[in-house]
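I have placed the structure first, in the form of structure tokens, so that the comments after it can refer back to it.
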Amino acid sequence: MSEPISHPGSGISILPATWRDLKEVHQLEKACFQLDAWPFLDILGVLTIPQIIRYKAQKGEKLIGFIAADLRRSQATAWIATLAVLPDCRRSGVGSQLLKKCEKSINLPLIRLCVRENNLPAIQLYLMHGYQQVDTWKKYYRGGDNALVFEKVVRSPISPG
């Protein structure tokens, strides 16, 4: 993958995530998403399937954040499948650091993601990073909440001419 990124003064490192992070990512998912947390086998898949980009944020030895993106090259699109930051570490730039690192690794012209419509801090994060809402998926989440679909055009397709 790539070299670890350390953010001077923050004590936070952004590193590639592997299957060895399975237990901690599972705990993070449960802490962040409760009802919508991925099952153990889904997390194993996201940590091992080759076309998935995945990074973790660590403070010291503790995993405090995780992001994964599914590369769909045939559609020239990547889907950010999850972005999770421990509740007591939010609003400290960890989500932004993970998002930026993931975006740099994608190398596709379009990135999409879904977010629960009432998750205003996450929506603000995505808007701040240039994402725009393009759709709403009704009753997508457990409990019946809608998902807002956001996308970001990373680079325009090359036009003939």
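To be explicit about the labels: the chains of the structure tokens are called A, B, and onward in the order shown, and within each one the residues are counted from 1, while ligands get numbers from 1 in the order they are shown.
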DSSP-assigned strand (DSSP E) among region 2-91 of chain A, expressed as a PyMOL selection string:
chain A and resi 5-7+12-16+52-59+62-72+77-85
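Of the listed residues (A:Arg54, A:Ile49, A:Asp145, A:Phe40), A:Phe40 comes nearest to His26 (chain A); the distances count only C-alpha atoms.
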Pick out the closest residue to Gln27 (chain A) from this set: A:Ile64, A:Met128, A:Leu113, A:Leu71. Count only C-alpha atoms.
A:Ile64
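Using only C-alpha atoms for every distance, the candidate list A:Ser96, A:Ala81, A:Cys32, A:Leu44 yields A:Ser96 as the residue closest to Gln124 (chain A).
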How would you write, as a PyMOL selection string, the set of residues in chain A that DSSP gives as alpha helix (DSSP H)?
chain A and resi 22-33+40-48+94-106+120-128
Which polymer residues have any atom within 9 Å of an atom of Trp137 (chain A), counting only C-alpha atoms, with same-chain residues fewer than 6 positions away left out, as number ranges by chain?
A: 114, 146-149
Show which residues sit within 6 Å of Trp19 (chain A), as a ChimeraX atom specification. Count only C-alpha atoms, and ignore same-chain residues fewer than 2 positions away.
/A:21-22,47
Leaving out Ile53 (chain A) and any residue of its chain fewer than 2 positions from it, which residues lie within 8 Å of it when counting only C-alpha atoms, given as a PyMOL selection string?
chain A and resi 50-51+55+68-71+102+105-106
Shortest interatomic distance to Lys100 (chain A) - which of A:Val154, A:Val115, A:Leu63, A:Leu41, counting only C-alpha atoms:
A:Val154
Give the answer as one residue: which of A:Gln75, A:Leu110, A:Leu83, A:Arg90 has the shortest atom-to-atom distance to Tyr126 (chain A), using only C-alpha atoms?
A:Leu83
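Relative to CA of Ser74 (chain A), CA of Glu29 (chain A) is found at 28.7 Å.
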Residue with the minimum atom-to-atom distance to Pro121 (chain A), picked from A:Lys101, A:Pro109, A:Ala76, A:Gly93 with only C-alpha atoms counted, is A:Gly93
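The space separating CA of Thr82 (chain A) from CA of Leu127 (chain A) comes to 16.4 Å.
You will find CA of Ala84 (chain A) at 5.3 Å from CA of Phe66 (chain A).
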